[in-house]
file final.cif (mmCIF, C-alpha atoms)
data_query
#
loop_
_atom_site.group_PDB
_atom_site.id
_atom_site.type_symbol
_atom_site.label_atom_id
_atom_site.label_comp_id
_atom_site.auth_asym_id
_atom_site.auth_seq_id
_atom_site.Cartn_x
_atom_site.Cartn_y
_atom_site.Cartn_z
ATOM 1 C CA MET A 1 29.005 27.216 -41.897
ATOM 2 C CA LEU A 2 31.556 25.537 -44.119
ATOM 3 C CA PHE A 3 30.963 27.835 -47.093
ATOM 4 C CA SER A 4 30.083 31.497 -47.275
ATOM 5 C CA SER A 5 27.445 31.234 -49.999
ATOM 6 C CA SER A 6 25.263 28.695 -51.754
ATOM 7 C CA SER A 7 27.014 29.409 -55.073
ATOM 8 C CA ALA A 8 30.257 28.077 -53.653
ATOM 9 C CA VAL A 9 28.493 24.877 -52.648
ATOM 10 C CA GLU A 10 26.988 24.512 -56.091
ATOM 11 C CA GLN A 11 30.336 25.148 -57.765
ATOM 12 C CA MET A 12 31.990 22.532 -55.577
ATOM 13 C CA ALA A 13 29.281 20.022 -56.425
ATOM 14 C CA VAL A 14 29.763 20.690 -60.125
ATOM 15 C CA ASN A 15 33.527 20.281 -59.862
ATOM 16 C CA HIS A 16 33.285 16.934 -58.081
ATOM 17 C CA TRP A 17 30.179 15.263 -59.418
ATOM 18 C CA VAL A 18 30.037 16.105 -63.095
ATOM 19 C CA VAL A 19 30.159 13.112 -65.402
ATOM 20 C CA GLY A 20 33.692 11.901 -65.936
ATOM 21 C CA SER A 21 35.284 13.831 -63.045
ATOM 22 C CA ILE A 22 37.335 11.668 -60.689
ATOM 23 C CA PRO A 23 38.790 13.027 -57.433
ATOM 24 C CA THR A 24 42.560 12.989 -57.333
ATOM 25 C CA TRP A 25 44.409 10.540 -55.090
ATOM 26 C CA GLY A 26 45.541 13.364 -52.836
ATOM 27 C CA VAL A 27 41.950 14.500 -52.202
ATOM 28 C CA ALA A 28 40.784 10.937 -51.575
ATOM 29 C CA LYS A 29 43.683 10.277 -49.192
ATOM 30 C CA LYS A 30 42.956 13.488 -47.298
ATOM 31 C CA LYS A 31 39.293 12.542 -46.888
ATOM 32 C CA MET A 32 40.205 9.055 -45.685
ATOM 33 C CA CYS A 33 42.617 10.454 -43.082
ATOM 34 C CA MET A 34 40.058 12.981 -41.854
ATOM 35 C CA LEU A 35 37.423 10.250 -41.540
ATOM 36 C CA PHE A 36 39.802 7.974 -39.623
ATOM 37 C CA PHE A 37 40.948 10.609 -37.134
ATOM 38 C CA SER A 38 37.454 11.997 -36.592
ATOM 39 C CA THR A 39 36.126 8.508 -35.838
ATOM 40 C CA PHE A 40 39.080 7.695 -33.570
ATOM 41 C CA PHE A 41 38.901 10.852 -31.477
ATOM 42 C CA THR A 42 35.103 10.692 -31.281
ATOM 43 C CA GLN A 43 35.209 7.192 -29.836
ATOM 44 C CA LEU A 44 38.162 7.972 -27.558
ATOM 45 C CA PHE A 45 36.987 11.239 -26.020
ATOM 46 C CA LEU A 46 33.311 11.873 -26.672
ATOM 47 C CA SER A 47 32.181 8.402 -25.582
ATOM 48 C CA VAL A 48 33.703 8.902 -22.130
ATOM 49 C CA ALA A 49 30.646 10.871 -21.013
ATOM 50 C CA ASN A 50 28.418 7.801 -21.387
ATOM 51 C CA CYS A 51 30.522 4.788 -20.544
ATOM 52 C CA ASP A 52 28.342 2.647 -18.237
ATOM 53 C CA ALA A 53 27.747 0.227 -21.120
ATOM 54 C CA PRO A 54 30.032 -1.303 -23.740
ATOM 55 C CA GLN A 55 30.858 1.113 -26.551
ATOM 56 C CA ALA A 56 31.792 0.390 -30.140
ATOM 57 C CA TRP A 57 35.594 0.256 -30.413
ATOM 58 C CA GLN A 58 35.896 1.097 -26.739
ATOM 59 C CA PHE A 59 39.424 1.512 -25.407
ATOM 60 C CA GLY A 60 39.812 1.028 -21.667
ATOM 61 C CA PHE A 61 37.478 0.394 -18.762
ATOM 62 C CA GLN A 62 33.999 1.655 -18.109
ATOM 63 C CA ASN A 63 33.655 4.523 -15.655
ATOM 64 C CA PRO A 64 33.832 3.083 -12.118
ATOM 65 C CA ALA A 65 30.691 3.426 -10.013
ATOM 66 C CA SER A 66 31.869 1.653 -6.854
ATOM 67 C CA PRO A 67 35.004 1.714 -4.676
ATOM 68 C CA ILE A 68 35.890 -1.823 -5.789
ATOM 69 C CA ALA A 69 35.739 -0.891 -9.479
ATOM 70 C CA GLN A 70 37.864 2.185 -8.761
ATOM 71 C CA GLY A 71 40.406 0.044 -6.909
ATOM 72 C CA ILE A 72 40.594 -2.463 -9.769
ATOM 73 C CA GLN A 73 41.291 0.272 -12.288
ATOM 74 C CA ASP A 74 43.867 1.961 -10.052
ATOM 75 C CA LEU A 75 45.701 -1.347 -9.583
ATOM 76 C CA HIS A 76 45.616 -1.918 -13.343
ATOM 77 C CA ASN A 77 47.141 1.512 -13.969
ATOM 78 C CA ASP A 78 49.870 0.926 -11.371
ATOM 79 C CA ILE A 79 50.821 -2.433 -12.886
ATOM 80 C CA CYS A 80 50.851 -0.895 -16.364
ATOM 81 C CA PHE A 81 53.398 1.649 -15.115
ATOM 82 C CA PHE A 82 55.805 -1.091 -14.049
ATOM 83 C CA MET A 83 55.103 -2.991 -17.256
ATOM 84 C CA ILE A 84 56.033 -0.001 -19.420
ATOM 85 C CA VAL A 85 59.231 0.652 -17.437
ATOM 86 C CA ILE A 86 60.283 -3.012 -17.755
ATOM 87 C CA LEU A 87 59.396 -3.055 -21.457
ATOM 88 C CA VAL A 88 61.483 0.034 -22.173
ATOM 89 C CA PHE A 89 64.447 -1.330 -20.199
ATOM 90 C CA VAL A 90 64.368 -4.757 -21.888
ATOM 91 C CA VAL A 91 64.050 -3.234 -25.370
ATOM 92 C CA TRP A 92 66.935 -0.878 -24.591
ATOM 93 C CA MET A 93 69.139 -3.769 -23.448
ATOM 94 C CA LEU A 94 68.214 -5.823 -26.510
ATOM 95 C CA LEU A 95 69.006 -3.000 -28.959
ATOM 96 C CA ARG A 96 72.231 -2.153 -27.118
ATOM 97 C CA THR A 97 73.293 -5.795 -27.281
ATOM 98 C CA LEU A 98 72.525 -6.058 -30.997
ATOM 99 C CA TRP A 99 74.418 -2.829 -31.665
ATOM 100 C CA HIS A 100 77.573 -3.408 -29.602
ATOM 101 C CA PHE A 101 77.916 -7.172 -30.076
ATOM 102 C CA HIS A 102 77.289 -7.375 -33.792
ATOM 103 C CA TRP A 103 79.852 -9.549 -35.564
ATOM 104 C CA THR A 104 81.193 -6.552 -37.495
ATOM 105 C CA LYS A 105 81.939 -4.632 -34.284
ATOM 106 C CA ASN A 106 82.899 -7.564 -32.051
ATOM 107 C CA PRO A 107 84.194 -10.439 -34.190
ATOM 108 C CA VAL A 108 85.674 -12.199 -31.127
ATOM 109 C CA PRO A 109 82.827 -12.897 -28.708
ATOM 110 C CA SER A 110 83.312 -12.537 -24.994
ATOM 111 C CA LYS A 111 83.994 -15.740 -23.070
ATOM 112 C CA ILE A 112 82.497 -14.476 -19.799
ATOM 113 C CA ILE A 113 79.603 -16.817 -19.001
ATOM 114 C CA HIS A 114 78.907 -15.967 -15.340
ATOM 115 C CA GLY A 115 78.288 -12.759 -13.467
ATOM 116 C CA THR A 116 77.346 -13.209 -9.820
ATOM 117 C CA PHE A 117 76.474 -9.596 -9.179
ATOM 118 C CA LEU A 118 74.378 -9.361 -12.345
ATOM 119 C CA GLU A 119 72.463 -12.554 -11.513
ATOM 120 C CA ILE A 120 71.708 -11.228 -8.032
ATOM 121 C CA VAL A 121 70.438 -7.950 -9.495
ATOM 122 C CA TRP A 122 68.115 -9.509 -12.074
ATOM 123 C CA THR A 123 66.747 -11.895 -9.402
ATOM 124 C CA VAL A 124 66.238 -9.396 -6.584
ATOM 125 C CA THR A 125 64.823 -6.576 -8.732
ATOM 126 C CA PRO A 126 61.822 -8.540 -10.105
ATOM 127 C CA SER A 127 61.130 -9.909 -6.628
ATOM 128 C CA PHE A 128 61.120 -6.391 -5.237
ATOM 129 C CA ILE A 129 58.745 -5.233 -7.988
ATOM 130 C CA LEU A 130 56.408 -8.156 -7.262
ATOM 131 C CA MET A 131 56.346 -7.253 -3.568
ATOM 132 C CA ILE A 132 55.430 -3.667 -4.441
ATOM 133 C CA ILE A 133 52.572 -4.919 -6.635
ATOM 134 C CA ALA A 134 51.434 -7.466 -4.023
ATOM 135 C CA ILE A 135 50.728 -4.886 -1.309
ATOM 136 C CA PRO A 136 47.852 -3.050 -3.104
ATOM 137 C CA SER A 137 46.727 -6.321 -4.694
ATOM 138 C CA PHE A 138 46.232 -8.051 -1.340
ATOM 139 C CA ALA A 139 44.524 -4.963 0.074
ATOM 140 C CA LEU A 140 42.090 -4.957 -2.850
ATOM 141 C CA LEU A 141 41.374 -8.680 -2.518
ATOM 142 C CA TYR A 142 40.672 -8.240 1.184
ATOM 143 C CA SER A 143 38.331 -5.309 0.582
ATOM 144 C CA MET A 144 36.441 -7.301 -2.062
ATOM 145 C CA ASP A 145 35.706 -10.065 0.459
ATOM 146 C CA GLU A 146 34.862 -7.714 3.305
ATOM 147 C CA ILE A 147 31.138 -7.417 4.036
ATOM 148 C CA VAL A 148 30.159 -4.236 5.862
ATOM 149 C CA ASP A 149 26.952 -4.381 7.913
ATOM 150 C CA PRO A 150 24.488 -4.082 5.019
ATOM 151 C CA SER A 151 21.394 -1.902 4.925
ATOM 152 C CA LEU A 152 19.903 -3.905 2.067
ATOM 153 C CA THR A 153 20.121 -7.472 0.795
ATOM 154 C CA LEU A 154 19.506 -8.441 -2.825
ATOM 155 C CA LYS A 155 19.192 -12.092 -3.807
ATOM 156 C CA VAL A 156 20.078 -12.995 -7.389
ATOM 157 C CA ILE A 157 19.046 -16.340 -8.928
ATOM 158 C CA GLY A 158 20.280 -17.385 -12.355
ATOM 159 C CA HIS A 159 18.032 -19.420 -14.658
ATOM 160 C CA GLN A 160 18.281 -20.653 -18.223
ATOM 161 C CA TRP A 161 18.133 -17.947 -19.507
ATOM 162 C CA TYR A 162 17.003 -15.066 -17.319
ATOM 163 C CA TRP A 163 17.584 -13.645 -13.854
ATOM 164 C CA THR A 164 15.307 -13.605 -10.811
ATOM 165 C CA TYR A 165 15.738 -10.898 -8.171
ATOM 166 C CA GLU A 166 14.381 -10.922 -4.630
ATOM 167 C CA TYR A 167 14.165 -8.104 -2.088
ATOM 168 C CA SER A 168 13.317 -9.835 1.188
ATOM 169 C CA ASP A 169 13.993 -7.001 3.656
ATOM 170 C CA TYR A 170 10.494 -5.511 3.528
ATOM 171 C CA SER A 171 8.285 -8.378 4.672
ATOM 172 C CA LEU A 172 8.199 -10.998 7.394
ATOM 173 C CA THR A 173 6.850 -13.690 5.058
ATOM 174 C CA GLU A 174 8.276 -15.122 1.861
ATOM 175 C CA GLU A 175 5.058 -14.343 0.015
ATOM 176 C CA GLY A 176 5.470 -10.665 0.846
ATOM 177 C CA SER A 177 8.957 -10.316 -0.643
ATOM 178 C CA ILE A 178 9.552 -8.315 -3.792
ATOM 179 C CA VAL A 179 10.353 -10.945 -6.417
ATOM 180 C CA PHE A 180 10.486 -10.437 -10.178
ATOM 181 C CA ASP A 181 12.096 -11.944 -13.258
ATOM 182 C CA SER A 182 14.298 -9.996 -15.631
ATOM 183 C CA TYR A 183 14.257 -10.968 -19.306
ATOM 184 C CA MET A 184 16.125 -9.466 -22.216
ATOM 185 C CA ILE A 185 14.031 -7.225 -24.470
ATOM 186 C CA PRO A 186 13.917 -8.713 -27.995
ATOM 187 C CA GLU A 187 15.488 -6.683 -30.738
ATOM 188 C CA ASP A 188 12.126 -6.087 -32.449
ATOM 189 C CA ASP A 189 10.725 -4.477 -29.279
ATOM 190 C CA LEU A 190 13.584 -2.066 -28.627
ATOM 191 C CA GLU A 191 12.840 1.648 -28.534
ATOM 192 C CA LEU A 192 14.995 4.408 -29.949
ATOM 193 C CA GLY A 193 18.178 4.786 -27.903
ATOM 194 C CA GLN A 194 18.037 1.389 -26.197
ATOM 195 C CA LEU A 195 20.961 -0.997 -26.409
ATOM 196 C CA ARG A 196 20.724 -4.246 -28.340
ATOM 197 C CA LEU A 197 21.196 -7.432 -26.248
ATOM 198 C CA LEU A 198 21.593 -5.351 -23.064
ATOM 199 C CA GLU A 199 18.127 -3.990 -22.203
ATOM 200 C CA VAL A 200 15.777 -5.873 -19.875
ATOM 201 C CA ASP A 201 12.106 -5.576 -19.028
ATOM 202 C CA ASN A 202 12.699 -5.276 -15.246
ATOM 203 C CA ARG A 203 15.763 -3.466 -13.967
ATOM 204 C CA VAL A 204 17.428 -3.916 -10.600
ATOM 205 C CA VAL A 205 16.917 -0.670 -8.687
ATOM 206 C CA LEU A 206 19.382 0.073 -5.884
ATOM 207 C CA PRO A 207 20.043 3.178 -3.759
ATOM 208 C CA VAL A 208 23.320 5.075 -3.938
ATOM 209 C CA ASN A 209 25.590 5.632 -0.925
ATOM 210 C CA THR A 210 24.201 2.520 0.753
ATOM 211 C CA HIS A 211 25.948 -0.690 1.790
ATOM 212 C CA ILE A 212 24.313 -3.537 -0.108
ATOM 213 C CA ARG A 213 24.788 -7.278 0.288
ATOM 214 C CA ILE A 214 24.239 -9.398 -2.837
ATOM 215 C CA ILE A 215 23.581 -13.128 -2.474
ATOM 216 C CA ILE A 216 23.976 -15.034 -5.727
ATOM 217 C CA THR A 217 22.923 -18.562 -6.642
ATOM 218 C CA ALA A 218 21.561 -20.549 -9.590
ATOM 219 C CA ALA A 219 18.558 -22.807 -10.106
ATOM 220 C CA ASP A 220 19.866 -25.044 -12.885
ATOM 221 C CA VAL A 221 23.421 -24.622 -14.215
ATOM 222 C CA LEU A 222 26.404 -22.377 -13.586
ATOM 223 C CA HIS A 223 25.904 -18.666 -14.276
ATOM 224 C CA SER A 224 27.927 -15.573 -13.440
ATOM 225 C CA TRP A 225 26.518 -12.193 -12.383
ATOM 226 C CA ALA A 226 28.912 -9.587 -13.786
ATOM 227 C CA VAL A 227 28.620 -5.799 -14.057
ATOM 228 C CA PRO A 228 31.940 -4.199 -15.124
ATOM 229 C CA ALA A 229 31.160 -0.651 -13.962
ATOM 230 C CA LEU A 230 30.464 -1.984 -10.443
ATOM 231 C CA GLY A 231 33.528 -4.217 -10.291
ATOM 232 C CA ILE A 232 31.390 -7.317 -9.663
ATOM 233 C CA LYS A 233 31.792 -10.743 -11.232
ATOM 234 C CA CYS A 234 30.449 -13.479 -8.989
ATOM 235 C CA ASP A 235 29.575 -17.044 -9.983
ATOM 236 C CA ALA A 236 26.051 -18.367 -9.491
ATOM 237 C CA VAL A 237 26.381 -22.014 -8.447
ATOM 238 C CA PRO A 238 23.378 -24.344 -7.988
ATOM 239 C CA GLY A 239 22.942 -25.361 -4.369
ATOM 240 C CA ARG A 240 25.396 -22.756 -3.091
ATOM 241 C CA LEU A 241 25.121 -19.137 -1.969
ATOM 242 C CA ASN A 242 27.920 -16.775 -2.988
ATOM 243 C CA GLN A 243 28.057 -13.381 -1.347
ATOM 244 C CA THR A 244 29.494 -10.053 -2.403
ATOM 245 C CA SER A 245 29.065 -6.427 -1.396
ATOM 246 C CA LEU A 246 28.248 -3.270 -3.319
ATOM 247 C CA PHE A 247 28.379 0.446 -2.600
ATOM 248 C CA LEU A 248 27.149 2.693 -5.391
ATOM 249 C CA LYS A 249 28.950 6.033 -5.504
ATOM 250 C CA ARG A 250 26.752 7.681 -8.115
ATOM 251 C CA GLU A 251 23.491 7.424 -9.959
ATOM 252 C CA GLY A 252 23.307 5.782 -13.353
ATOM 253 C CA VAL A 253 22.281 2.757 -15.368
ATOM 254 C CA PHE A 254 24.907 0.017 -15.394
ATOM 255 C CA TYR A 255 24.893 -2.858 -17.867
ATOM 256 C CA GLY A 256 26.318 -6.340 -17.554
ATOM 257 C CA GLN A 257 25.873 -9.867 -18.836
ATOM 258 C CA CYS A 258 26.183 -13.451 -17.698
ATOM 259 C CA SER A 259 29.899 -14.282 -17.839
ATOM 260 C CA GLU A 260 29.653 -18.056 -17.594
ATOM 261 C CA ILE A 261 28.866 -20.199 -20.636
ATOM 262 C CA CYS A 262 25.521 -21.584 -19.477
ATOM 263 C CA GLY A 263 23.929 -22.953 -22.616
ATOM 264 C CA ALA A 264 22.494 -22.035 -25.989
ATOM 265 C CA ASN A 265 21.101 -18.652 -24.916
ATOM 266 C CA HIS A 266 24.074 -17.680 -22.760
ATOM 267 C CA GLY A 267 24.464 -14.383 -24.621
ATOM 268 C CA PHE A 268 20.839 -13.378 -24.061
ATOM 269 C CA MET A 269 20.569 -12.871 -20.298
ATOM 270 C CA PRO A 270 21.814 -9.319 -19.651
ATOM 271 C CA ILE A 271 21.920 -7.463 -16.342
ATOM 272 C CA VAL A 272 20.782 -3.878 -15.807
ATOM 273 C CA VAL A 273 21.340 -2.127 -12.460
ATOM 274 C CA GLU A 274 19.875 1.332 -11.959
ATOM 275 C CA GLY A 275 21.325 3.444 -9.173
ATOM 276 C CA VAL A 276 18.946 6.056 -7.760
ATOM 277 C CA GLN A 277 18.691 8.347 -4.782
ATOM 278 C CA LEU A 278 17.309 6.892 -1.554
ATOM 279 C CA ASN A 279 13.967 8.711 -1.811
ATOM 280 C CA ASP A 280 13.428 7.442 -5.353
ATOM 281 C CA TYR A 281 14.333 3.941 -4.220
ATOM 282 C CA LEU A 282 11.803 4.052 -1.377
ATOM 283 C CA ASN A 283 9.124 5.200 -3.823
ATOM 284 C CA TRP A 284 10.008 2.313 -6.124
ATOM 285 C CA VAL A 285 9.744 -0.158 -3.240
ATOM 286 C CA SER A 286 6.357 1.290 -2.206
ATOM 287 C CA ASN A 287 5.039 0.920 -5.738
ATOM 288 C CA LYS A 288 6.284 -2.654 -5.937
ATOM 289 C CA LEU A 289 4.629 -3.553 -2.628
ATOM 290 C CA GLU A 290 1.353 -2.007 -3.762
ATOM 291 C CA ASP A 291 1.402 -4.037 -6.979
ATOM 292 C CA MET A 292 1.774 -7.322 -5.088
#

call {"tool": "encode", "arguments": {"input": "final.cif", "output": "structure tokens"}}
result
Amino acid sequence: MLFSSSSAVEQMAVNHWVVGSIPTWGVAKKKMCMLFFSTFFTQLFLSVANCDAPQAWQFGFQNPASPIAQGIQDLHNDICFFMIVILVFVVWMLLRTLWHFHWTKNPVPSKIIHGTFLEIVWTVTPSFILMIIAIPSFALLYSMDEIVDPSLTLKVIGHQWYWTYEYSDYSLTEEGSIVFDSYMIPEDDLELGQLRLLEVDNRVVLPVNTHIRIIITAADVLHSWAVPALGIKCDAVPGRLNQTSLFLKREGVFYGQCSEICGANHGFMPIVVEGVQLNDYLNWVSNKLEDM
């Protein structure tokens, strides 16, 4: 309760909304500051709980749901540490130079134009920093290309402008594979709570804690299958099969979009991956096979 009685509320309304009353600049400024900080902290902290899709005014990455996504974010944080240290050092040197070598303090400039030791330091130090960054970077690149013996294979085919998904591990014939198209739900058909331009009629359902191989191609033009929370962005090239791996660490619904400009409706072919427990996944597969 903001006020102890209804009379206080009524009195406040009279004071502020009677004809001819104008709030003072101090009151208006206070309200504007409160609105700004409440919006900022709400988006910064409260939106973290549901961050598997893009958020309005989002700052930072989505919550990682795979080891690759976690590795990408860790590498980003490590590089940002070095970047901040270098930024502080360069700004400090620049300010120190402006302060000590101003024409009022040093009217006769120094004639020293070479410093062998200093040149060695500012050449070796960046090289050493780059080597430190390269070690985790190469390890991450290697792990992204490594394909562990998969328990499940998902084939992704990009079309103008929708996705086709194929589960071919559950039948000996091509006709018996689980194949379905995934189209974006139009804005007029969205239900309460669904995300505009991100919801689809058929989601990709995958089990958690399972090694998954994803084979990606295209039927017409270049596409790109990208899901930020999973750390995946793989091009779909006509006539070529690209391969990547996935290991879901947790359940959830993860949103992505085509990240290659593929035509007029490029922005209308979203991707939705739903991670479920293995038993729920097997039930989903059984229902799909029965509907065939």

call {"tool": "atom_distance", "arguments": {"input": "final.cif", "atom1": "CA of Ala219 (chain A)", "atom2": "CA of Gly158 (chain A)"}}
result
6.1 Å

call {"tool": "closest_residue", "arguments": {"input": "final.cif", "among": "A:Phe82, A:Leu154, A:Asp149, A:Val108", "to": "Ile129 (chain A)", "atoms": "all atoms listed in the file"}}
result
A:Phe82

call {"tool": "residues_near_point", "arguments": {"input": "final.cif", "point": "(42.1, -11.0, -6.0)", "cutoff": "12 Å", "atoms": "all atoms listed in the file", "output": "ChimeraX atom specification"}}
result
/A:68,71-72,75,134-145,231-233

call {"tool": "residues_around", "arguments": {"input": "final.cif", "residues": "region 270-275 of chain A", "least_positions_apart": "2", "cutoff": "8 Å", "atoms": "all atoms listed in the file", "output": "ChimeraX atom specification"}}
result
/A:162-163,183-184,197-200,203-208,225-227,248,250-258,267-268,277

call {"tool": "atom_distance", "arguments": {"input": "final.cif", "atom1": "CA of Asp169 (chain A)", "atom2": "CA of Leu152 (chain A)"}}
result
6.9 Å
